[in-house]
>>> print(open('start_25.txt').read())   # compact mmCIF, C-alpha atoms and all ligand atoms
# COMPACT_ATOMS: atom_id res chain seq x y z
CA MET A 132 0.65 24.86 48.83
CA GLU A 133 4.04 25.06 50.50
CA GLU A 134 4.99 21.81 48.87
CA SER A 135 4.12 23.08 45.43
CA ILE A 136 6.16 26.23 46.05
CA SER A 137 9.25 24.28 47.07
CA GLN A 138 8.78 21.90 44.14
CA ALA A 139 8.57 24.87 41.84
CA ALA A 140 11.70 26.36 43.42
CA GLY A 141 13.58 23.06 43.01
CA ALA A 142 12.50 22.70 39.43
CA GLY A 143 13.42 26.33 38.87
CA GLY A 144 16.96 25.72 40.15
CA ALA A 145 17.47 22.69 37.92
CA ALA A 146 15.90 24.51 34.98
CA ALA A 147 18.20 27.49 35.53
CA GLU A 148 21.24 25.19 35.42
CA LEU A 149 19.95 23.51 32.28
CA LEU A 150 19.42 26.84 30.56
CA ALA A 151 22.85 28.05 31.67
CA ARG A 152 24.48 24.94 30.12
CA TRP A 153 22.47 25.42 26.94
CA GLY A 154 23.54 29.08 26.77
CA ALA A 155 27.19 28.10 27.24
CA VAL A 156 26.96 25.52 24.45
CA ARG A 157 25.45 28.08 22.11
CA ALA A 158 28.31 30.45 22.85
CA TRP A 159 30.96 27.72 22.34
CA VAL A 160 29.43 26.67 19.04
CA ALA A 161 29.31 30.28 17.83
CA GLU A 162 32.93 30.82 18.94
CA ALA A 163 34.11 27.67 17.21
CA ALA A 164 32.45 28.84 13.99
CA ALA A 165 33.87 32.35 14.27
CA ARG A 166 37.40 31.03 14.99
CA CYS A 167 37.50 29.27 11.65
CA GLY A 168 35.82 32.08 9.74
CA ARG A 169 32.43 30.45 9.38
CA ASP A 170 29.08 32.14 9.82
CA PRO A 171 27.71 30.86 13.15
CA GLN A 172 24.27 30.78 11.47
CA GLY A 173 25.57 27.99 9.28
CA VAL A 174 25.96 25.64 12.24
CA GLU A 175 22.79 24.40 13.88
CA ILE A 176 22.69 22.72 17.27
CA VAL A 177 20.59 19.58 17.48
CA ALA A 178 19.98 19.15 21.22
CA VAL A 179 20.14 15.40 21.88
CA SER A 180 17.49 14.62 24.46
CA LYS A 181 17.43 10.80 24.55
CA TYR A 182 16.53 9.48 28.03
CA HIS A 183 15.94 13.00 29.31
CA PRO A 184 12.40 13.85 30.40
CA TRP A 185 10.11 15.88 28.18
CA MET A 186 9.94 18.63 30.82
CA GLU A 187 13.62 19.37 30.17
CA VAL A 188 13.01 19.42 26.44
CA ALA A 189 10.15 21.86 27.05
CA ALA A 190 12.36 24.16 29.12
CA VAL A 191 15.12 24.33 26.50
CA ALA A 192 12.64 24.65 23.62
CA ARG A 193 10.80 27.51 25.31
CA ALA A 194 14.14 29.28 25.75
CA GLY A 195 14.57 29.16 21.97
CA GLN A 196 16.26 25.86 21.05
CA ALA A 197 14.66 24.78 17.77
CA ALA A 198 15.97 21.29 16.98
CA PHE A 199 16.00 18.18 19.17
CA GLY A 200 17.48 14.78 18.38
CA GLU A 201 16.08 11.49 19.61
CA ASN A 202 17.41 7.93 19.25
CA TYR A 203 14.39 5.75 19.94
CA VAL A 204 11.19 5.99 17.91
CA GLN A 205 8.76 5.27 20.74
CA GLU A 206 10.46 7.64 23.18
CA ALA A 207 10.52 10.34 20.51
CA LEU A 208 6.86 9.95 19.58
CA THR A 209 5.82 10.07 23.24
CA LYS A 210 7.74 13.31 23.70
CA GLN A 211 6.28 14.73 20.49
CA ASP A 212 2.79 14.07 21.80
CA ARG A 213 3.55 15.63 25.19
CA LEU A 214 5.10 18.66 23.49
CA ALA A 215 2.59 19.03 20.67
CA ASP A 216 2.00 22.68 21.60
CA VAL A 217 5.71 23.61 21.45
CA ASP A 218 7.30 24.49 18.12
CA ILE A 219 10.09 21.91 17.79
CA SER A 220 11.98 20.50 14.84
CA TRP A 221 12.49 16.80 15.71
CA HIS A 222 15.45 14.90 14.31
CA PHE A 223 15.88 11.14 14.39
CA ILE A 224 19.51 10.23 15.08
CA GLY A 225 19.35 6.63 16.34
CA LYS A 226 19.44 3.29 14.64
CA LEU A 227 16.18 2.86 12.75
CA GLN A 228 14.89 -0.66 12.17
CA SER A 229 13.14 -1.03 8.82
CA ASN A 230 10.06 -2.35 10.59
CA LYS A 231 9.80 0.93 12.56
CA ALA A 232 10.10 3.08 9.44
CA ARG A 233 6.35 3.47 9.13
CA LEU A 234 6.20 4.89 12.68
CA ALA A 235 9.00 7.35 11.98
CA ALA A 236 8.05 8.52 8.47
CA GLY A 237 6.63 12.03 8.46
CA ARG A 238 7.29 12.54 12.18
CA PHE A 239 10.82 13.95 11.90
CA ALA A 240 12.17 16.97 10.07
CA LEU A 241 15.28 14.93 9.31
CA VAL A 242 16.30 11.27 9.69
CA HIS A 243 20.12 11.24 10.06
CA THR A 244 20.69 7.50 9.95
CA VAL A 245 19.74 5.92 6.63
CA ASP A 246 22.40 3.29 5.97
CA SER A 247 20.82 0.59 3.82
CA SER A 248 18.72 0.11 0.77
CA LYS A 249 16.18 -1.80 2.86
CA LEU A 250 15.70 1.07 5.29
CA ALA A 251 15.58 3.67 2.49
CA ARG A 252 12.84 1.69 0.73
CA ALA A 253 10.87 1.19 3.91
CA LEU A 254 10.95 4.93 4.66
CA HIS A 255 10.06 5.72 1.05
CA ASN A 256 7.10 3.31 1.08
CA ALA A 257 5.85 4.65 4.40
CA THR A 258 6.13 8.25 3.18
CA ILE A 259 4.34 7.49 -0.09
CA GLY A 260 1.67 5.68 1.91
CA GLN A 261 1.03 8.95 3.73
CA GLY A 262 0.81 10.93 0.49
CA GLY A 263 4.35 12.18 0.96
CA ASP A 264 5.49 12.12 -2.66
CA ARG A 265 4.55 15.78 -3.11
CA PRO A 266 7.83 17.71 -3.22
CA GLY A 267 7.35 19.51 0.11
CA ALA A 268 6.24 16.36 1.87
CA ARG A 269 9.19 14.14 1.08
CA GLN A 270 10.99 12.73 4.08
CA ALA A 271 14.38 14.45 4.36
CA VAL A 272 17.19 12.04 5.15
CA LEU A 273 20.95 11.87 5.63
CA ILE A 274 23.03 8.82 4.85
CA GLN A 275 25.13 7.65 7.79
CA VAL A 276 28.68 6.66 6.85
CA ASN A 277 30.71 4.32 9.05
CA THR A 278 33.97 6.21 8.54
CA GLY A 279 35.73 4.21 11.24
CA ARG A 280 34.66 0.89 9.69
CA GLU A 281 33.65 -0.34 13.13
CA PRO A 282 31.81 -3.65 12.77
CA GLN A 283 29.41 -2.91 15.65
CA LYS A 284 28.49 0.52 14.33
CA SER A 285 25.75 1.53 11.92
CA GLY A 286 26.52 3.30 8.68
CA VAL A 287 27.36 2.41 5.12
CA ALA A 288 31.00 1.80 4.13
CA ALA A 289 32.42 4.69 2.13
CA GLU A 290 32.78 2.57 -1.03
CA ASN A 291 29.09 1.70 -0.92
CA LEU A 292 27.95 5.29 -0.45
CA PRO A 293 27.59 6.29 -4.12
CA ALA A 294 25.28 3.38 -4.94
CA LEU A 295 23.11 3.95 -1.88
CA ALA A 296 22.98 7.71 -2.53
CA GLU A 297 21.85 7.17 -6.12
CA GLU A 298 19.19 4.79 -4.92
CA VAL A 299 17.92 7.27 -2.31
CA GLU A 300 18.03 10.05 -4.89
CA ALA A 301 15.72 8.02 -7.14
CA LEU A 302 13.10 7.38 -4.43
CA GLU A 303 10.44 10.08 -4.73
CA GLY A 304 9.34 9.70 -1.10
CA LEU A 305 12.77 10.77 0.12
CA ARG A 306 14.93 13.86 -0.17
CA LEU A 307 18.65 13.29 0.32
CA ALA A 308 19.97 16.25 2.33
CA GLY A 309 23.52 15.17 3.20
CA LEU A 310 25.69 12.86 5.28
CA MET A 311 26.20 11.94 8.92
CA CYS A 312 28.98 10.16 10.81
CA MET A 313 29.90 9.09 14.32
CA PRO A 314 33.66 8.47 14.57
CA PRO A 315 35.15 5.89 16.94
CA PHE A 316 35.17 7.21 20.49
CA ASP A 317 38.47 8.47 21.80
CA GLU A 318 39.43 10.73 24.70
CA ASP A 319 41.32 12.90 22.24
CA PRO A 320 38.83 14.78 20.03
CA GLU A 321 41.58 15.52 17.50
CA LEU A 322 41.42 11.84 16.49
CA ALA A 323 37.89 12.47 15.19
CA ARG A 324 39.07 15.18 12.82
CA PRO A 325 40.20 12.89 9.95
CA HIS A 326 36.76 11.25 10.03
CA PHE A 327 35.06 14.63 9.75
CA ALA A 328 37.37 15.62 6.91
CA GLU A 329 36.65 12.33 5.16
CA LEU A 330 32.89 12.90 5.45
CA ARG A 331 33.26 16.37 3.94
CA GLY A 332 35.24 14.89 1.04
CA LEU A 333 32.62 12.20 0.50
CA LYS A 334 29.91 14.86 0.39
CA GLU A 335 31.86 16.85 -2.21
CA ASP A 336 32.33 13.73 -4.36
CA LEU A 337 28.65 12.97 -4.07
CA GLU A 338 27.67 16.50 -5.04
CA ARG A 339 29.68 16.15 -8.24
CA ARG A 340 28.11 12.79 -8.92
CA LEU A 341 24.54 13.93 -8.29
CA GLY A 342 25.08 17.30 -9.95
CA ARG A 343 23.60 19.26 -7.07
CA GLY A 344 24.54 20.57 -3.65
CA LEU A 345 23.74 18.76 -0.41
CA GLU A 346 22.92 20.95 2.59
CA HIS A 347 24.12 19.00 5.56
CA LEU A 348 27.07 17.44 7.28
CA SER A 349 25.82 16.07 10.61
CA MET A 350 28.92 15.51 12.71
CA GLY A 351 30.30 16.38 16.12
CA MET A 352 28.98 15.65 19.60
CA THR A 353 29.71 17.02 23.07
CA GLN A 354 33.37 16.21 23.05
CA ASP A 355 34.34 16.93 19.47
CA PHE A 356 31.94 19.53 18.09
CA ALA A 357 34.69 22.15 17.75
CA GLN A 358 36.72 19.88 15.45
CA ALA A 359 33.56 19.02 13.50
CA ILE A 360 32.71 22.69 12.99
CA GLU A 361 36.25 23.38 11.78
CA GLU A 362 35.80 20.56 9.25
CA GLY A 363 32.48 21.87 7.97
CA ALA A 364 29.66 20.51 10.16
CA THR A 365 26.29 22.16 9.56
CA LEU A 366 24.52 20.14 12.27
CA VAL A 367 26.19 19.32 15.60
CA ARG A 368 24.41 16.77 17.79
CA ILE A 369 25.00 17.77 21.40
CA GLY A 370 23.50 15.94 24.37
CA THR A 371 25.62 15.77 27.52
CA ALA A 372 26.94 19.34 27.38
CA ILE A 373 23.35 20.62 27.39
CA PHE A 374 21.38 18.13 29.47
CA GLY A 375 24.13 16.74 31.70
CA PRO A 376 24.85 13.01 32.06
CA ARG A 377 22.11 10.77 30.72
CA PRO A 378 19.90 9.01 33.27
CA MET A 379 19.62 5.24 32.95
CA LYS A 380 17.13 4.20 30.35
CA THR A 381 13.72 3.80 31.89
CA GLN A 382 11.32 1.43 30.20
CA GLY A 383 7.91 2.72 29.23
C1 LIG A 401 23.69 10.28 22.07
C2 LIG A 401 24.13 10.77 20.75
C3 LIG A 401 24.69 12.05 20.58
C4 LIG A 401 24.98 12.99 21.74
O1 LIG A 401 26.12 12.59 22.42
P1 LIG A 401 26.76 13.52 23.57
O2 LIG A 401 28.12 12.98 23.72
O3 LIG A 401 25.92 13.33 24.79
O4 LIG A 401 26.73 14.92 23.09
C5 LIG A 401 24.99 12.46 19.30
N1 LIG A 401 24.78 11.66 18.23
C6 LIG A 401 24.26 10.44 18.36
C7 LIG A 401 24.06 9.62 17.14
C8 LIG A 401 23.92 9.95 19.61
O5 LIG A 401 23.42 8.71 19.72
>>> encode(input="start_25.txt", output="structure tokens", more="lines below")
Ligand SMILES: *Cc1c(COP(=O)(O)O)cnc(C)c1O
Amino acid sequence: MEESISQAAGAGGAAAELLARWGAVRAWVAEAAARCGRDPQGVEIVAVSKYHPWMEVAAVARAGQAAFGENYVQEALTKQDRLADVDISWHFIGKLQSNKARLAAGRFALVHTVDSSKLARALHNATIGQGGDRPGARQAVLIQVNTGREPQKSGVAAENLPALAEEVEALEGLRLAGLMCMPPFDEDPELARPHFAELRGLKEDLERRLGRGLEHLSMGMTQDFAQAIEEGATLVRIGTAIFGPRPMKTQG
């Protein structure tokens, strides 16, 4: 009995800190939007919960955070099962192997990281296999662009974006909803700004090409979300500022 009370008190202290960080992030995001004359409603926080336990996701979700981003399919699906009774919009933001596409299809509100024809087709086939070619059941995706042209990083090169976008647009299992990028890491967040501006320009070019608007620019993380918002981000993917430093990856 006493033990369970002290455990509850400990968990309560950690949970209070977590919710305080989340509240601060919400305020910073809203301020960044207001500073550049944008409607704060037009910028959604995707809380990046990779490696963090599902209990923490539950605490932040119950406080009102709607969207969570995960990087690993198995970890994400495990959390989804644990949190089946909580209303959460799950986003996939990690590298997706084509052979995992069938596990991911239909399980995420948005897949941010489509960067090849092979992956697009695998997601399309998996979605169609689940009866997902009805308009409302299409898998929404973003195309990830490797704006920094880093060889080790995922993402399509800017010059290959139009062809991939037209291919995705033609796949009836998918719905192209915008673009995502992850600029090269630098201590100075201002160095990310040209990448964010480039992504916005690429989206505008694509909108002209496709003859329709695209909803999302997924860009900005803990250290550079303010710059991303100033450059037009609609989705900011924030992990560390909400959950604290990531624990080491635990297997299983
Ligand atoms: C981990 C991760 C984030 C969150 O990074 P933080 O610096 O912790 O905010 C955002 N986007 C992607 C693609 C990630 O892998």
>>> closest_residue(input="start_25.txt", among="A:Gln358, A:Gln205, A:Ser220, A:Ser180", to="ligand LIG 401 (chain A)", atoms="only C-alpha atoms and all ligand atoms")
A:Ser180
>>> closest_residue(input="start_25.txt", among="A:Ala192, A:Val179, A:Val287, A:Val272", to="ligand LIG 401 (chain A)", atoms="all atoms listed in the file")
A:Val179
>>> residues_around(input="start_25.txt", residues="A:His183", least_positions_apart="3", cutoff="10 Å", atoms="only C-alpha atoms", output="PDB file with C-alpha atoms, in the frame of the given file")
ATOM      1  CA  VAL A 179      20.140  15.400  21.880  1.00  0.00           C
ATOM      2  CA  SER A 180      17.490  14.620  24.460  1.00  0.00           C
ATOM      3  CA  MET A 186       9.940  18.630  30.820  1.00  0.00           C
ATOM      4  CA  GLU A 187      13.620  19.370  30.170  1.00  0.00           C
ATOM      5  CA  VAL A 188      13.010  19.420  26.440  1.00  0.00           C
ATOM      6  CA  GLU A 201      16.080  11.490  19.610  1.00  0.00           C
ATOM      7  CA  GLU A 206      10.460   7.640  23.180  1.00  0.00           C
ATOM      8  CA  LYS A 210       7.740  13.310  23.700  1.00  0.00           C
ATOM      9  CA  GLY A 370      23.500  15.940  24.370  1.00  0.00           C
ATOM     10  CA  PHE A 374      21.380  18.130  29.470  1.00  0.00           C
ATOM     11  CA  GLY A 375      24.130  16.740  31.700  1.00  0.00           C
ATOM     12  CA  PRO A 376      24.850  13.010  32.060  1.00  0.00           C
ATOM     13  CA  ARG A 377      22.110  10.770  30.720  1.00  0.00           C
ATOM     14  CA  PRO A 378      19.900   9.010  33.270  1.00  0.00           C
ATOM     15  CA  MET A 379      19.620   5.240  32.950  1.00  0.00           C
ATOM     16  CA  LYS A 380      17.130   4.200  30.350  1.00  0.00           C
ATOM     17  CA  THR A 381      13.720   3.800  31.890  1.00  0.00           C
TER      18      THR A 381
END
>>> closest_residue(input="start_25.txt", among="A:Ala301, A:Met311, A:Val191, A:Ala251", to="A:Ile274", atoms="only C-alpha atoms")
A:Met311
>>> closest_residue(input="start_25.txt", among="A:Ala271, A:Leu307, A:Ala189, A:Glu175", to="A:Met350", atoms="only C-alpha atoms")
A:Glu175
>>> atom_distance(input="start_25.txt", atom1="atom CA of A:Leu366", atom2="atom CA of A:Gly168")
16.6 Å
>>> atom_distance(input="start_25.txt", atom1="atom CA of A:Lys181", atom2="atom CA of A:Thr371")
10.0 Å
>>> atom_distance(input="start_25.txt", atom1="atom CA of A:Glu338", atom2="atom CA of A:Gln283")
28.4 Å
>>> residues_around(input="start_25.txt", residues="A:Trp185", least_positions_apart="5", cutoff="9 Å", atoms="only C-alpha atoms", output="list in words")
Ser180, Ala190, Thr209, Lys210, Gln211, Arg213 and Leu214 of chain A
>>> closest_atom_pairs(input="start_25.txt", of="chain A", to="ligand LIG 401 (chain A)", cutoff="7 Å", atoms="all atoms listed in the file", output="Markdown table")
| residue | atom | partner | partner_atom | distance |
| --- | --- | --- | --- | --- |
| A:Val179 | CA | A:LIG401 | C4 | 5.4 |
| A:Lys181 | CA | A:LIG401 | C1 | 6.8 |
| A:Asn202 | CA | A:LIG401 | O5 | 6.1 |
| A:Ile224 | CA | A:LIG401 | C7 | 5.0 |
| A:Gly225 | CA | A:LIG401 | C7 | 5.6 |
| A:Met313 | CA | A:LIG401 | C7 | 6.5 |
| A:Met352 | CA | A:LIG401 | O4 | 4.2 |
| A:Thr353 | CA | A:LIG401 | O4 | 3.6 |
| A:Gln354 | CA | A:LIG401 | O2 | 6.2 |
| A:Arg368 | CA | A:LIG401 | C5 | 4.6 |
| A:Ile369 | CA | A:LIG401 | O4 | 3.7 |
| A:Gly370 | CA | A:LIG401 | O3 | 3.6 |
| A:Thr371 | CA | A:LIG401 | O3 | 3.7 |
| A:Ala372 | CA | A:LIG401 | O4 | 6.2 |
>>> residues_around(input="start_25.txt", residues="stretch 231-246 of chain A", least_positions_apart="6", cutoff="8 Å", atoms="all atoms listed in the file", output="list in words")
Val204, Leu208, Ser220, Trp221, His222, Phe223, Ile224, Gly225, Ala253, Leu254, Ala257, Thr258, Gln261, Gly263, Ala268, Gln270, Ala271, Val272, Leu273, Ile274, Gln275, Val276, Ser285, Gly286, Val287, Leu295, Leu310, Met311 and Ser349 of chain A
>>> closest_residue(input="start_25.txt", among="A:Glu362, A:Glu346, A:Glu297, A:Glu290", to="A:Pro325", atoms="only C-alpha atoms")
A:Glu362
>>> closest_residue(input="start_25.txt", among="A:Val177, A:Leu348, A:Leu227, A:Ala146", to="A:Glu361", atoms="all atoms listed in the file")
A:Leu348
>>> residues_around(input="start_25.txt", residues="A:Ala164", least_positions_apart="6", cutoff="10 Å", atoms="all atoms listed in the file", output="list in words")
Ala158, Asp170, Pro171, Gln172, Gly173, Val174, Ala357, Ala359, Ile360, Glu361, Gly363 and Ala364 of chain A
